[in-house]
Every structure is written in structure tokens, then in C-alpha cells.
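Below is one structure, written out as C-alpha cells; the observations come after it.
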Amino acid sequence: MAGGSGRAAAPMEPEVAKRLFLEGATLVILDVPEGTEFGIDYESWRVGPRFRGVKMIPPGVHYVHCSAAEPSQAGPRTGLFLSLAPRGLVMLRWDKDQERLERPSTPQAQLDALRAGLPRLDAHLGPYPHATLKKWVALTSLLSQAQVEQLQPLSGHICSFPEVLPVLPLASTQDRARHNLPPWGTECKTYQEGLARLPQMRVRAGTEIRFSPLPRRLYPEGASPAEVTRHMLDLSYALEAVLSRRYPADPQGLLAELQFAFVCFLIGNVYDAFEHWKQLLNLLCRAEDAMTKFPDLYSSLISVLYHQLNEIPADFFVDIVSQDNFLTSTLQVFFSYICSPTVDRALKRKAEKFKGHLTKKFKWDFEEEPEDCAPVVVELPEGVVPE
């Protein structure tokens, strides 16, 4: 990329280059300080003094992200999703106070003048990293502009660290006295007392990703004990509650949300997005009745997971994904449920191929019975005969 880190880009096929030159969008980015880490979709660079943006961008949804240059390392990553039209032109500008890219309101006349001056800017525009386009398309195959607008924060910015504010104003001694707290500087007698003195924080309004709220109660109101047990084992009721509330017309929208969460975590470094991805995946994989009711949804889920798991580095599983053995145990339940005789045959075959792929690639064993599905052995007192 022009003005970037100096890393050579993979050569682009002539026909692809010609098509992107004619149909690709252009992203003009102004005032980015030298040394800032800038990225679009799957690639990132350290920008140099001549950097003014990216050209030949395939139309569609893209994620632009950056990290301010710090003395020893990059700062927190911030990003925003953009939906680019064929031959589209978008201008972003670096906000030095917020240390992030902003999309200013640009009059059409200014955009027309900018477009007319693109030939002079061409030497300062880096080509889109086409070598990783297939990976990006695979990770965002279900994401549309409307879904991005529904999910992204109202601020439009996604930050790797949440912006938080204190729940209570405790800046002064008077503030702390009103809430029966000791003045700042008072010695803590215990570790617990020190924790209790820390201010409670809340996420700044408008900066949170607007994921679907997941139901806390997994069974219908008034359910009998037997029904509660059934709904705790089969999460179909909870899954359909989410679908009916957020995606009543198109259940595939939930998979687009799964993709959005994964991209925000993998590329945006948002850990809360990973937690939501885990919760959604758990909900989908433990919904036995839903697998019969929504075969197309689950066929698409397998495709989505195939591409997501292929893009996670191998050592990543050691640190995060394999924590508490979440992924393997969840998929183990999924594969056991999908063996039900009521599940679509084509879906079963696809699931078997997926299981074989995971077993070969990651050496995961899905044949053992999941611990939470194993029968409970009850020890009876001596002399007691079961009925």
C-alpha cells in the first residue's frame, strides 16, 4: 500500500484489476498521522507520510479499522463498517482528539470536486488487498448494509475497549460522603474493602453494539417442572423467542449477527463480541427441535462455522476458544442432536462432513457422549429397592 509498511502486495490478475479499476469504490482518508496502524477488512499496515486512502475496493460491506501510534505499541483498535457502492467514493478524516476515523458530512459538490481530483491522488492510494478478499467475503456472506446498521453502535464506532462512565459521581470528598464512602486516600483494611471502593462503571450510551438480547428464562411462563427440564435441555423455545423478536421474517438474520459478532472479535478485538458469539452458538447448537423445523438455517450455520473456524489461528484455541472446552462440548451436543430421525437427510450428510473436517483438522473427538448428556447415576441406600 502506498505510504504503508512497505510490505509487497500480492499481484492481482489483469482482468480482476481492470474490473476493480472500473467498478471498484475509493476510500479517501485525510490527516492520518504517520505510523498509525490502518486496516481494511482482513489486512492492516503502518501508514507512511504519503498515505491518502484505498482504491479499487470491491462493492459491498467492509470494515475499516485503525490504532493510534503509541511509543511502544499500537493503541486500542477502533473501526467502522462501510457499505460501498460500485464506483462509490467515501471520505474519512482522522480525529486527533478521539484518535479514530470519522465520516464527516460531505456536500455533494465537495465529493464531485474530490472525484475530479482522484487522478492526482492516485499515487497516494493503495490498492485493496484482493488476495484476502475471498476470506472476507466468506466471513461476511450474510451481512447486508441494513443488518450492519441494525447491529452497530449508534455512534457508528466499534472500539476494542468499551467506553465507560462511573455510575455515581464520586470525584470529590463530598460526593463520597453522600454515598457513605470514605474519602479518597483512606487506607483499606482488607482486599474486599478495596474492591468495594472501586467505582461502578457503565458503558457510555450509544457506544454498545446492539446485539439481540438473549432470554434469561429458557422456558415459557407457567411451565411445569417436567417442561422446565425439557426446555433446559432443548433450547428451541429460547431460540425461537429470539427469532420471533428480532428476525421474524428471516431466521438467517441471526446467522448474520453471528458473523457480525465474529468479525468484531477476530478483527475488531472486541472481547464482548466473542462472548455474544459463544452465547448465540450455544443457543443454536442445543436446540434439538429447531433443527427439524429450520433445516435451511442449520445448513447455513454449518457453512458459517466452517469458514469461521478455518480463519482462527491454531494457537488461538489454546488461549480462548478451548477455554472450559466450550467449543468442542457445544459442537458435540450439536452433532448428537442432529442425528435425530426427524432431521433432514441432506442436513445430516452436511453435518457428518463438517464433523469429519473438524476431526481431521483439529483432532477433536466427537464420538464420546457429552458430559451434560450422560445419564445421572443415583446411589441408593443399602436395602432400598427402586420402584
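Note on naming: chains are A, B, ... as they come in the C-alpha cells, residues start from 1 per chain, ligands start from 1 in the order shown.
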
ask   = Mind checking DSSP for region 124-313 of chain A and telling me the strand (DSSP E) residues as a ChimeraX atom specification?
value = /A:125-127,158-159,164-166,201-203

Spatial neighbours of Phe335 (chain A), max dist 9 Å, only C-alpha atoms, sep filter under 6 positions, as a PyMOL selection string = chain A and resi 285+348+351-352+355+366

query = From the list A:Asp97, A:Glu149, A:Asp272, A:Asp289, which residue is nearest Phe81 (chain A) when using only C-alpha atoms?
reply =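 Residue with the minimum atom-to-atom distance to Phe81 (chain A): A:Glu149.
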
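Residues lying within 12 Å of Asp31 (chain A), counting only C-alpha atoms and ignoring same-chain neighbours fewer than 4 positions away, are Gly35, Thr36, Val47, Gly48, Pro49, Arg50, Phe51, Arg52, Gly53, Met91, Leu92, Arg93, Trp94, Asp95, Lys96, Glu99, Arg100, Leu101 and Glu102 of chain A.
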
message = Set the distance at 10 Å and use only C-alpha atoms: which residues neighbour region 122-137 of chain A once local chain neighbours fewer than 4 positions away are removed? I'd like the list as a VMD selection string.
response = chain A and resid 1 to 4 9 to 13 16 to 17 20 to 21 24 to 29 39 to 44 48 to 58 60 to 63 117 to 118 141 to 143 263 307 to 308 310 to 311

ask   = For Arg349 (chain A), which residue out of A:Leu214, A:Cys264, A:Ile302, A:Leu121 is the nearest one, using only C-alpha atoms?
value =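 Among A:Leu214, A:Cys264, A:Ile302, A:Leu121, it is A:Ile302 that comes nearest to Arg349 (chain A).
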
Within 12 Å of region 74-80 of chain A: each region 205-288 of chain A residue with its shortest pair, only C-alpha atoms, as a Markdown table:
| residue | atom | partner | partner_atom | distance |
| --- | --- | --- | --- | --- |
| A:Thr207 | CA | A:Thr78 | CA | 11.4 |
| A:Ile209 | CA | A:Leu80 | CA | 11.5 |
| A:Phe260 | CA | A:Leu80 | CA | 11.9 |
| A:Val263 | CA | A:Gly79 | CA | 11.1 |
| A:Cys264 | CA | A:Gly79 | CA | 9.0 |
| A:Phe265 | CA | A:Arg77 | CA | 11.1 |
| A:Leu266 | CA | A:Arg77 | CA | 11.6 |
| A:Ile267 | CA | A:Arg77 | CA | 9.0 |
| A:Gly268 | CA | A:Arg77 | CA | 6.5 |
| A:Asn269 | CA | A:Arg77 | CA | 7.1 |
| A:Val270 | CA | A:Arg77 | CA | 8.9 |

Who sits within 12 Å of Arg286 (chain A), only C-alpha atoms, same chain under 5 positions skipped, as a ChimeraX atom specification = /A:218,230-239,279-281,291,298,329-338,370,372-373
